[in-house]
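Student: Input query_10.pdb, format and content: PDB, C-alpha atoms and all ligand atoms.
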ATOM      1  CA  MET A   1     -45.040  -2.242 -27.647  1.00  0.00           C
ATOM      2  CA  LYS A   2     -42.617  -1.658 -30.509  1.00  0.00           C
ATOM      3  CA  LYS A   3     -39.115  -0.654 -29.413  1.00  0.00           C
ATOM      4  CA  ILE A   4     -37.317   1.564 -31.924  1.00  0.00           C
ATOM      5  CA  VAL A   5     -33.775   2.933 -31.927  1.00  0.00           C
ATOM      6  CA  VAL A   6     -33.168   6.262 -33.658  1.00  0.00           C
ATOM      7  CA  GLY A   7     -29.532   7.023 -34.507  1.00  0.00           C
ATOM      8  CA  ILE A   8     -28.426  10.473 -35.643  1.00  0.00           C
ATOM      9  CA  THR A   9     -25.083  11.142 -37.362  1.00  0.00           C
ATOM     10  CA  GLY A  10     -23.221  14.184 -38.632  1.00  0.00           C
ATOM     11  CA  ALA A  11     -24.510  14.071 -42.226  1.00  0.00           C
ATOM     12  CA  SER A  12     -26.512  17.047 -43.389  1.00  0.00           C
ATOM     13  CA  GLY A  13     -30.232  16.485 -42.775  1.00  0.00           C
ATOM     14  CA  ALA A  14     -30.733  16.958 -39.022  1.00  0.00           C
ATOM     15  CA  PRO A  15     -34.250  18.338 -39.758  1.00  0.00           C
ATOM     16  CA  TYR A  16     -35.219  14.844 -40.961  1.00  0.00           C
ATOM     17  CA  ALA A  17     -34.306  13.461 -37.538  1.00  0.00           C
ATOM     18  CA  ARG A  18     -36.199  16.275 -35.791  1.00  0.00           C
ATOM     19  CA  THR A  19     -39.326  15.639 -37.891  1.00  0.00           C
ATOM     20  CA  LEU A  20     -39.204  11.881 -37.296  1.00  0.00           C
ATOM     21  CA  LEU A  21     -38.672  12.278 -33.539  1.00  0.00           C
ATOM     22  CA  SER A  22     -41.498  14.768 -33.312  1.00  0.00           C
ATOM     23  CA  PHE A  23     -43.881  12.304 -35.021  1.00  0.00           C
ATOM     24  CA  LEU A  24     -42.728   9.469 -32.739  1.00  0.00           C
ATOM     25  CA  ALA A  25     -43.178  11.661 -29.642  1.00  0.00           C
ATOM     26  CA  ASP A  26     -46.760  12.488 -30.709  1.00  0.00           C
ATOM     27  CA  ARG A  27     -47.511   8.820 -31.352  1.00  0.00           C
ATOM     28  CA  GLN A  28     -46.091   7.789 -27.991  1.00  0.00           C
ATOM     29  CA  LYS A  29     -48.277  10.408 -26.303  1.00  0.00           C
ATOM     30  CA  THR A  30     -51.487   9.680 -28.196  1.00  0.00           C
ATOM     31  CA  VAL A  31     -51.324   5.943 -29.002  1.00  0.00           C
ATOM     32  CA  GLY A  32     -48.623   4.759 -26.620  1.00  0.00           C
ATOM     33  CA  ASP A  33     -47.571   1.724 -28.640  1.00  0.00           C
ATOM     34  CA  ILE A  34     -43.893   2.613 -29.126  1.00  0.00           C
ATOM     35  CA  GLU A  35     -40.788   2.958 -27.010  1.00  0.00           C
ATOM     36  CA  VAL A  36     -37.948   4.996 -28.497  1.00  0.00           C
ATOM     37  CA  GLY A  37     -34.267   5.179 -27.605  1.00  0.00           C
ATOM     38  CA  VAL A  38     -31.914   7.676 -29.221  1.00  0.00           C
ATOM     39  CA  CYS A  39     -28.167   7.608 -29.823  1.00  0.00           C
ATOM     40  CA  TYR A  40     -25.994   9.980 -31.824  1.00  0.00           C
ATOM     41  CA  SER A  41     -22.491  10.350 -33.223  1.00  0.00           C
ATOM     42  CA  GLN A  42     -19.851  12.834 -32.116  1.00  0.00           C
ATOM     43  CA  THR A  43     -20.533  15.162 -35.074  1.00  0.00           C
ATOM     44  CA  ALA A  44     -24.340  15.013 -34.897  1.00  0.00           C
ATOM     45  CA  PRO A  45     -24.775  17.804 -32.285  1.00  0.00           C
ATOM     46  CA  GLU A  46     -22.628  20.184 -34.384  1.00  0.00           C
ATOM     47  CA  VAL A  47     -24.699  19.619 -37.536  1.00  0.00           C
ATOM     48  CA  TRP A  48     -27.960  19.767 -35.539  1.00  0.00           C
ATOM     49  CA  GLN A  49     -26.898  23.122 -34.097  1.00  0.00           C
ATOM     50  CA  LEU A  50     -26.162  24.445 -37.610  1.00  0.00           C
ATOM     51  CA  GLU A  51     -29.305  23.126 -39.281  1.00  0.00           C
ATOM     52  CA  CYS A  52     -31.965  23.076 -36.544  1.00  0.00           C
ATOM     53  CA  GLY A  53     -30.501  25.472 -33.984  1.00  0.00           C
ATOM     54  CA  GLY A  54     -29.933  24.654 -30.336  1.00  0.00           C
ATOM     55  CA  ASP A  55     -28.669  21.627 -28.515  1.00  0.00           C
ATOM     56  CA  LEU A  56     -29.771  18.229 -29.795  1.00  0.00           C
ATOM     57  CA  ARG A  57     -29.512  16.734 -26.293  1.00  0.00           C
ATOM     58  CA  GLU A  58     -31.857  19.368 -24.839  1.00  0.00           C
ATOM     59  CA  GLN A  59     -34.442  19.043 -27.615  1.00  0.00           C
ATOM     60  CA  ILE A  60     -34.883  15.277 -27.670  1.00  0.00           C
ATOM     61  CA  THR A  61     -37.590  14.110 -25.302  1.00  0.00           C
ATOM     62  CA  PHE A  62     -36.766  10.372 -25.497  1.00  0.00           C
ATOM     63  CA  PRO A  63     -34.110   8.603 -23.428  1.00  0.00           C
ATOM     64  CA  THR A  64     -30.815   9.453 -25.140  1.00  0.00           C
ATOM     65  CA  TRP A  65     -27.555   7.587 -24.696  1.00  0.00           C
ATOM     66  CA  GLY A  66     -23.997   8.812 -25.171  1.00  0.00           C
ATOM     67  CA  MET A  67     -21.572   7.540 -27.772  1.00  0.00           C
ATOM     68  CA  ARG A  68     -19.711   5.168 -25.479  1.00  0.00           C
ATOM     69  CA  ASP A  69     -22.653   4.057 -23.375  1.00  0.00           C
ATOM     70  CA  PHE A  70     -22.649   0.372 -24.256  1.00  0.00           C
ATOM     71  CA  LYS A  71     -24.888  -0.258 -21.257  1.00  0.00           C
ATOM     72  CA  ALA A  72     -27.823   1.031 -23.339  1.00  0.00           C
ATOM     73  CA  PRO A  73     -30.336  -1.808 -23.765  1.00  0.00           C
ATOM     74  CA  PHE A  74     -30.181  -1.805 -27.562  1.00  0.00           C
ATOM     75  CA  ALA A  75     -26.414  -2.471 -27.481  1.00  0.00           C
ATOM     76  CA  SER A  76     -27.344  -6.137 -27.084  1.00  0.00           C
ATOM     77  CA  GLY A  77     -29.560  -8.368 -29.205  1.00  0.00           C
ATOM     78  CA  SER A  78     -31.006 -10.021 -26.093  1.00  0.00           C
ATOM     79  CA  ALA A  79     -32.912  -6.832 -25.171  1.00  0.00           C
ATOM     80  CA  GLY A  80     -35.172  -7.448 -28.177  1.00  0.00           C
ATOM     81  CA  TRP A  81     -35.385  -3.978 -29.715  1.00  0.00           C
ATOM     82  CA  HIS A  82     -37.425  -4.307 -32.889  1.00  0.00           C
ATOM     83  CA  ALA A  83     -36.014  -1.865 -35.429  1.00  0.00           C
ATOM     84  CA  MET A  84     -33.492   0.917 -35.946  1.00  0.00           C
ATOM     85  CA  VAL A  85     -33.238   3.923 -38.230  1.00  0.00           C
ATOM     86  CA  ILE A  86     -30.145   6.053 -38.749  1.00  0.00           C
ATOM     87  CA  ILE A  87     -31.320   9.435 -39.960  1.00  0.00           C
ATOM     88  CA  PRO A  88     -29.433  11.177 -41.456  1.00  0.00           C
ATOM     89  CA  CYS A  89     -26.659   8.637 -42.043  1.00  0.00           C
ATOM     90  CA  SER A  90     -23.202   9.877 -43.019  1.00  0.00           C
ATOM     91  CA  MET A  91     -20.958   8.047 -45.426  1.00  0.00           C
ATOM     92  CA  GLY A  92     -18.476   7.569 -42.587  1.00  0.00           C
ATOM     93  CA  THR A  93     -21.075   5.732 -40.500  1.00  0.00           C
ATOM     94  CA  CYS A  94     -22.217   3.678 -43.531  1.00  0.00           C
ATOM     95  CA  GLY A  95     -18.605   2.620 -44.072  1.00  0.00           C
ATOM     96  CA  ARG A  96     -18.062   1.684 -40.429  1.00  0.00           C
ATOM     97  CA  ILE A  97     -21.252  -0.372 -40.218  1.00  0.00           C
ATOM     98  CA  ALA A  98     -20.576  -2.048 -43.580  1.00  0.00           C
ATOM     99  CA  HIS A  99     -17.219  -3.209 -42.217  1.00  0.00           C
ATOM    100  CA  GLY A 100     -18.393  -4.283 -38.781  1.00  0.00           C
ATOM    101  CA  ILE A 101     -16.626  -1.489 -36.897  1.00  0.00           C
ATOM    102  CA  SER A 102     -18.814  -1.255 -33.796  1.00  0.00           C
ATOM    103  CA  ASP A 103     -16.776   1.453 -32.114  1.00  0.00           C
ATOM    104  CA  THR A 104     -19.665   3.558 -30.809  1.00  0.00           C
ATOM    105  CA  LEU A 105     -23.095   2.787 -29.389  1.00  0.00           C
ATOM    106  CA  LEU A 106     -24.665   3.843 -32.694  1.00  0.00           C
ATOM    107  CA  THR A 107     -22.549   1.554 -34.889  1.00  0.00           C
ATOM    108  CA  ARG A 108     -22.854  -1.257 -32.329  1.00  0.00           C
ATOM    109  CA  ALA A 109     -26.667  -0.927 -32.296  1.00  0.00           C
ATOM    110  CA  ALA A 110     -26.720  -1.143 -36.115  1.00  0.00           C
ATOM    111  CA  ASP A 111     -24.440  -4.200 -35.976  1.00  0.00           C
ATOM    112  CA  VAL A 112     -26.880  -5.805 -33.521  1.00  0.00           C
ATOM    113  CA  MET A 113     -29.844  -5.172 -35.842  1.00  0.00           C
ATOM    114  CA  ILE A 114     -27.999  -6.807 -38.746  1.00  0.00           C
ATOM    115  CA  LYS A 115     -26.908  -9.861 -36.774  1.00  0.00           C
ATOM    116  CA  GLU A 116     -30.379 -10.304 -35.268  1.00  0.00           C
ATOM    117  CA  LYS A 117     -31.957  -9.872 -38.737  1.00  0.00           C
ATOM    118  CA  ARG A 118     -34.193  -7.042 -37.560  1.00  0.00           C
ATOM    119  CA  PRO A 119     -35.143  -4.009 -39.680  1.00  0.00           C
ATOM    120  CA  LEU A 120     -32.331  -1.483 -40.064  1.00  0.00           C
ATOM    121  CA  VAL A 121     -33.245   1.580 -42.117  1.00  0.00           C
ATOM    122  CA  LEU A 122     -30.428   3.845 -43.261  1.00  0.00           C
ATOM    123  CA  VAL A 123     -31.144   7.335 -44.562  1.00  0.00           C
ATOM    124  CA  PRO A 124     -27.838   8.245 -46.226  1.00  0.00           C
ATOM    125  CA  ARG A 125     -27.153  11.781 -47.407  1.00  0.00           C
ATOM    126  CA  GLU A 126     -24.300  12.581 -49.693  1.00  0.00           C
ATOM    127  CA  THR A 127     -23.888  13.735 -53.261  1.00  0.00           C
ATOM    128  CA  PRO A 128     -22.282  12.749 -55.493  1.00  0.00           C
ATOM    129  CA  LEU A 129     -21.723   9.191 -54.303  1.00  0.00           C
ATOM    130  CA  SER A 130     -18.251   7.728 -54.856  1.00  0.00           C
ATOM    131  CA  VAL A 131     -17.647   4.097 -55.742  1.00  0.00           C
ATOM    132  CA  ILE A 132     -16.570   3.566 -52.103  1.00  0.00           C
ATOM    133  CA  HIS A 133     -19.931   4.912 -50.871  1.00  0.00           C
ATOM    134  CA  LEU A 134     -21.825   2.798 -53.395  1.00  0.00           C
ATOM    135  CA  GLU A 135     -19.938  -0.361 -52.472  1.00  0.00           C
ATOM    136  CA  ASN A 136     -20.536   0.218 -48.763  1.00  0.00           C
ATOM    137  CA  LEU A 137     -24.244   0.828 -49.389  1.00  0.00           C
ATOM    138  CA  THR A 138     -24.401  -2.326 -51.509  1.00  0.00           C
ATOM    139  CA  ALA A 139     -22.739  -4.346 -48.742  1.00  0.00           C
ATOM    140  CA  LEU A 140     -25.293  -2.987 -46.264  1.00  0.00           C
ATOM    141  CA  ALA A 141     -28.214  -3.785 -48.570  1.00  0.00           C
ATOM    142  CA  ARG A 142     -26.841  -7.325 -48.995  1.00  0.00           C
ATOM    143  CA  ALA A 143     -26.664  -7.647 -45.204  1.00  0.00           C
ATOM    144  CA  GLY A 144     -30.377  -6.836 -45.038  1.00  0.00           C
ATOM    145  CA  ALA A 145     -30.436  -3.089 -44.344  1.00  0.00           C
ATOM    146  CA  THR A 146     -32.953  -0.895 -46.154  1.00  0.00           C
ATOM    147  CA  ILE A 147     -31.201   1.958 -47.933  1.00  0.00           C
ATOM    148  CA  MET A 148     -33.594   4.863 -48.035  1.00  0.00           C
ATOM    149  CA  PRO A 149     -31.730   7.958 -49.254  1.00  0.00           C
ATOM    150  CA  ALA A 150     -32.936  11.360 -48.070  1.00  0.00           C
ATOM    151  CA  MET A 151     -34.784  11.982 -51.353  1.00  0.00           C
ATOM    152  CA  PRO A 152     -38.106  13.792 -50.917  1.00  0.00           C
ATOM    153  CA  SER A 153     -40.864  13.075 -53.431  1.00  0.00           C
ATOM    154  CA  PHE A 154     -42.740  15.735 -55.368  1.00  0.00           C
ATOM    155  CA  TYR A 155     -45.889  13.928 -56.541  1.00  0.00           C
ATOM    156  CA  GLY A 156     -47.730  15.127 -53.433  1.00  0.00           C
ATOM    157  CA  LYS A 157     -47.120  18.739 -54.540  1.00  0.00           C
ATOM    158  CA  PRO A 158     -45.156  19.834 -51.461  1.00  0.00           C
ATOM    159  CA  GLN A 159     -45.606  23.483 -50.516  1.00  0.00           C
ATOM    160  CA  THR A 160     -43.178  23.774 -47.635  1.00  0.00           C
ATOM    161  CA  ILE A 161     -39.881  22.359 -46.398  1.00  0.00           C
ATOM    162  CA  ASP A 162     -41.895  20.506 -43.743  1.00  0.00           C
ATOM    163  CA  ASP A 163     -43.845  18.758 -46.535  1.00  0.00           C
ATOM    164  CA  LEU A 164     -40.543  17.604 -48.050  1.00  0.00           C
ATOM    165  CA  LEU A 165     -39.245  16.400 -44.684  1.00  0.00           C
ATOM    166  CA  ARG A 166     -42.486  14.525 -44.044  1.00  0.00           C
ATOM    167  CA  SER A 167     -42.342  12.790 -47.441  1.00  0.00           C
ATOM    168  CA  VAL A 168     -39.044  11.157 -46.427  1.00  0.00           C
ATOM    169  CA  CYS A 169     -40.070  10.446 -42.815  1.00  0.00           C
ATOM    170  CA  ALA A 170     -43.335   8.831 -43.971  1.00  0.00           C
ATOM    171  CA  ARG A 171     -41.412   6.217 -45.976  1.00  0.00           C
ATOM    172  CA  VAL A 172     -39.073   5.625 -43.031  1.00  0.00           C
ATOM    173  CA  LEU A 173     -42.039   5.044 -40.710  1.00  0.00           C
ATOM    174  CA  ASP A 174     -43.568   2.611 -43.223  1.00  0.00           C
ATOM    175  CA  HIS A 175     -40.369   0.575 -43.114  1.00  0.00           C
ATOM    176  CA  LEU A 176     -40.146   0.715 -39.337  1.00  0.00           C
ATOM    177  CA  GLY A 177     -43.694  -0.649 -39.211  1.00  0.00           C
ATOM    178  CA  VAL A 178     -45.152   2.440 -37.514  1.00  0.00           C
ATOM    179  CA  PRO A 179     -48.565   3.437 -38.940  1.00  0.00           C
ATOM    180  CA  GLN A 180     -48.505   6.984 -40.278  1.00  0.00           C
ATOM    181  CA  ASP A 181     -50.576   9.415 -42.246  1.00  0.00           C
ATOM    182  CA  ILE A 182     -48.208  12.356 -42.429  1.00  0.00           C
ATOM    183  CA  SER A 183     -47.585  12.502 -46.140  1.00  0.00           C
ATOM    184  CA  HIS A 184     -49.390  12.066 -49.422  1.00  0.00           C
ATOM    185  CA  LYS A 185     -49.566   8.451 -50.568  1.00  0.00           C
ATOM    186  CA  TRP A 186     -49.525   7.680 -54.266  1.00  0.00           C
ATOM    187  CA  GLY A 187     -53.056   7.005 -55.514  1.00  0.00           C
ATOM    188  CA  GLU A 188     -54.602   9.055 -52.687  1.00  0.00           C
ATOM    189  CA  ASN A 189     -56.973  11.862 -53.705  1.00  0.00           C
ATOM    190  CA  LYS A 190     -55.617  15.346 -53.140  1.00  0.00           C
ATOM    191  CA  SER A 191     -57.230  18.585 -54.243  1.00  0.00           C
TER     192      SER A 191
HETATM  193  C1  LIG A 201     -22.376  20.902 -41.801  1.00  0.00           C
HETATM  194  C2  LIG A 201     -21.856  19.542 -42.153  1.00  0.00           C
HETATM  195  C3  LIG A 201     -22.528  18.810 -43.094  1.00  0.00           C
HETATM  196  C4  LIG A 201     -22.083  17.532 -43.433  1.00  0.00           C
HETATM  197  N1  LIG A 201     -22.795  16.821 -44.358  1.00  0.00           N
HETATM  198  C5  LIG A 201     -22.445  15.555 -44.633  1.00  0.00           C
HETATM  199  C6  LIG A 201     -23.249  14.764 -45.495  1.00  0.00           C
HETATM  200  O1  LIG A 201     -24.261  15.197 -46.013  1.00  0.00           O
HETATM  201  N2  LIG A 201     -22.877  13.480 -45.693  1.00  0.00           N
HETATM  202  C7  LIG A 201     -21.765  12.933 -45.103  1.00  0.00           C
HETATM  203  O2  LIG A 201     -21.499  11.751 -45.320  1.00  0.00           O
HETATM  204  N3  LIG A 201     -20.965  13.672 -44.284  1.00  0.00           N
HETATM  205  C8  LIG A 201     -21.284  14.973 -44.036  1.00  0.00           C
HETATM  206  N4  LIG A 201     -20.496  15.712 -43.185  1.00  0.00           N
HETATM  207  C9  LIG A 201     -19.256  15.159 -42.692  1.00  0.00           C
HETATM  208  C10 LIG A 201     -19.443  14.269 -41.482  1.00  0.00           C
HETATM  209  O3  LIG A 201     -19.992  15.004 -40.408  1.00  0.00           O
HETATM  210  C11 LIG A 201     -18.079  13.691 -41.076  1.00  0.00           C
HETATM  211  O4  LIG A 201     -17.595  12.820 -42.100  1.00  0.00           O
HETATM  212  C12 LIG A 201     -18.143  12.954 -39.760  1.00  0.00           C
HETATM  213  O5  LIG A 201     -16.859  12.426 -39.472  1.00  0.00           O
HETATM  214  C13 LIG A 201     -19.165  11.853 -39.790  1.00  0.00           C
HETATM  215  O6  LIG A 201     -19.083  11.184 -38.560  1.00  0.00           O
HETATM  216  P1  LIG A 201     -20.316  10.383 -37.987  1.00  0.00           P
HETATM  217  O7  LIG A 201     -20.718   9.432 -39.059  1.00  0.00           O
HETATM  218  O8  LIG A 201     -19.724   9.682 -36.808  1.00  0.00           O
HETATM  219  O9  LIG A 201     -21.358  11.361 -37.642  1.00  0.00           O
HETATM  220  C14 LIG A 201     -20.916  16.989 -42.823  1.00  0.00           C
HETATM  221  C15 LIG A 201     -20.255  17.746 -41.845  1.00  0.00           C
HETATM  222  C16 LIG A 201     -20.710  18.997 -41.524  1.00  0.00           C
HETATM  223  C17 LIG A 201     -19.991  19.785 -40.457  1.00  0.00           C
END
Do you think you could lay out the structure here as structure tokens?
Tutor:
Amino acid sequence: MKKIVVGITGASGAPYARTLLSFLADRQKTVGDIEVGVCYSQTAPEVWQLECGGDLREQITFPTWGMRDFKAPFASGSAGWHAMVIIPCSMGTCGRIAHGISDTLLTRAADVMIKEKRPLVLVPRETPLSVIHLENLTALARAGATIMPAMPSFYGKPQTIDDLLRSVCARVLDHLGVPQDISHKWGENKS
């Protein structure tokens, strides 16, 4: 059983989180080999409401912890959670994690992944990137995080926004070690 933490921040890109969670929910139902815990930042519900509509807390089917709930299992390395993704990841959250500021459950969980040397995938979204953003992202990459910007690919000839969302989520799942077949892979035949 692979235990995965999904963190959601207040960067634009809530639909990426919704797409990823929907895939993980399907996998849990059909294959049953993953456990998922969700945490989110203070701004995440506001951006979710704007971009996806509705209340993030009502739409997520996985156990979801509040910002200050340090009793969540993945707040400690000893609980053995395997991997974490922060999708989308704001520049504010990147900066806090890069500097070890574990002031919320989300930043604490990321800090735990780094110290335990477990996969931490960050899906930052901002443009343009300032030198401060770039230096924080570099520090995170040096600490072992995978920086996977929300950059859809076009070689699979996407037809819909869902196709674009899936092209990013597919790469995230690859790096979390969750088998997936939701997006075109390079070299795969497609009519
Ligand atoms: C609609 C909306 C879109 C935003 N988009 C981004 C973004 O793409 N990237 C980013 O770094 N911040 C973005 N922000 C700003 C962050 O929400 C803000 O810096 C917040 O303090 C981040 O806090 P958090 O990292 O705890 O979620 C956006 C805010 C709003 C309201």
Student: Ranking A:Ala109, A:Cys39, A:Ile97, A:Cys89 by minimum distance to ligand LIG 201 (chain A) and counting all atoms listed in the file, which one comes first?
Tutor: A:Cys89
Student: Written as a PyMOL selection string, which residues does the PyMOL selection byres (((chain A and resi 77-87) around 9) and not hetatm) give for the file shown?
Tutor: chain A and resi 2-9+11+13-14+16-17+20+40+73-76+88-90+106+109-110+112-113+115-116+118-125+150+172+176-177
Student: With distances taken over all atoms listed in the file, which of A:Asp111, A:Asp163, A:Asp181, A:Glu51 is nearest to ligand LIG 201 (chain A)?
Tutor: A:Glu51
Student: Give me the chain A side of the contact with ligand LIG 201 (chain A), cut-off 6 Å, one line per residue showing its nearest atom pair and distance in Å at one decimal, counting all atoms listed in the file, sorted by chain and residue number, as a Markdown table.
Tutor:
| residue | atom | partner | partner_atom | distance |
| --- | --- | --- | --- | --- |
| A:Thr9 | CA | A:LIG201 | O9 | 3.7 |
| A:Gly10 | CA | A:LIG201 | O9 | 3.5 |
| A:Ala11 | CA | A:LIG201 | C5 | 3.5 |
| A:Ser12 | CA | A:LIG201 | N1 | 3.8 |
| A:Ser41 | CA | A:LIG201 | O8 | 4.6 |
| A:Gln42 | CA | A:LIG201 | O8 | 5.7 |
| A:Thr43 | CA | A:LIG201 | O9 | 4.7 |
| A:Ala44 | CA | A:LIG201 | O9 | 5.5 |
| A:Val47 | CA | A:LIG201 | C1 | 5.0 |
| A:Ser90 | CA | A:LIG201 | O2 | 3.4 |
| A:Met91 | CA | A:LIG201 | O2 | 3.7 |
| A:Gly92 | CA | A:LIG201 | O7 | 4.6 |
| A:Thr93 | CA | A:LIG201 | O7 | 4.0 |
| A:Arg125 | CA | A:LIG201 | O1 | 4.7 |
| A:Glu126 | CA | A:LIG201 | N2 | 4.3 |
Student: Would you pick out the contacts of A:Leu134 at 12 Å or less, using only C-alpha atoms, so that residues sharing its chain but fewer than 5 positions from it are not included, and give the list as number ranges by chain?
Tutor: A: 91, 94-95, 98, 124, 126-129, 139-141, 147, 149
Student: Please produce a file of the residues just selected, as a PDB file, in the coordinates of the input, where the atoms kept are C-alpha atoms.
Tutor:
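Saved file result-v3.pdb follows:
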ATOM      1  CA  MET A  91     -20.958   8.047 -45.426  1.00  0.00           C
ATOM      2  CA  CYS A  94     -22.217   3.678 -43.531  1.00  0.00           C
ATOM      3  CA  GLY A  95     -18.605   2.620 -44.072  1.00  0.00           C
ATOM      4  CA  ALA A  98     -20.576  -2.048 -43.580  1.00  0.00           C
ATOM      5  CA  PRO A 124     -27.838   8.245 -46.226  1.00  0.00           C
ATOM      6  CA  GLU A 126     -24.300  12.581 -49.693  1.00  0.00           C
ATOM      7  CA  THR A 127     -23.888  13.735 -53.261  1.00  0.00           C
ATOM      8  CA  PRO A 128     -22.282  12.749 -55.493  1.00  0.00           C
ATOM      9  CA  LEU A 129     -21.723   9.191 -54.303  1.00  0.00           C
ATOM     10  CA  ALA A 139     -22.739  -4.346 -48.742  1.00  0.00           C
ATOM     11  CA  LEU A 140     -25.293  -2.987 -46.264  1.00  0.00           C
ATOM     12  CA  ALA A 141     -28.214  -3.785 -48.570  1.00  0.00           C
ATOM     13  CA  ILE A 147     -31.201   1.958 -47.933  1.00  0.00           C
ATOM     14  CA  PRO A 149     -31.730   7.958 -49.254  1.00  0.00           C
TER      15      PRO A 149
END
Student: Let me make sure I understand: among A:Lys117, A:Ser183, A:Leu165, A:Arg27, which one has the smallest atom-to-atom distance to A:Ala143 if we use all atoms listed in the file?
Tutor: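 Checking each candidate against A:Ala143, we get A:Lys117 as the closest.
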Student: Have a look at atom CA of A:Glu35 and atom CA of A:His99 and let me know their distance in Å, one decimal.
Tutor: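 Going from atom CA of A:Glu35 over to atom CA of A:His99, I get 28.7 Å.
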Student: Could you list, as a list in words, every residue matched by the PyMOL selection byres (((chain A and resi 152) around 6) and not hetatm) in this structure?
Tutor: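 Matching residues under the PyMOL selection byres (((chain A and resi 152) around 6) and not hetatm) are Met151, Ser153, Leu164, Ser167 and Val168 of chain A.
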Student: Write a file of the just-selected residues containing C-alpha atoms, as a short mmCIF file (atom, residue, chain, number, x, y, z; two decimals), in the frame of the given file.
Tutor:
data_model
loop_
_atom_site.label_atom_id
_atom_site.label_comp_id
_atom_site.auth_asym_id
_atom_site.auth_seq_id
_atom_site.Cartn_x
_atom_site.Cartn_y
_atom_site.Cartn_z
CA MET A 151 -34.78 11.98 -51.35
CA SER A 153 -40.86 13.08 -53.43
CA LEU A 164 -40.54 17.60 -48.05
CA SER A 167 -42.34 12.79 -47.44
CA VAL A 168 -39.04 11.16 -46.43
#
Student: Have a look at atom CA of A:Asp26 and atom CA of A:Trp186 and let me know their distance in Å, one decimal.
Tutor: 24.2 Å
Student: Please indicate the distance in Å from atom CA of A:Val178 to atom CA of A:Thr138, rounded to one decimal place.
Tutor: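 Taking atom CA of A:Val178 and atom CA of A:Thr138, their separation equals 25.5 Å.
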Student: Would you write out, as a ChimeraX atom specification, every residue that the PyMOL selection byres (((chain A and resi 60) around 10) and not hetatm) captures in this file?
Tutor: /A:18,21-22,25,38,55-59,61-64
Student: Go through A:His133, A:Phe70, A:His175, A:Met1 one by one, measure the shortest atom-to-atom distance of each to A:Thr107 using only C-alpha atoms, and give the residue with the smallest value.
Tutor: A:Phe70
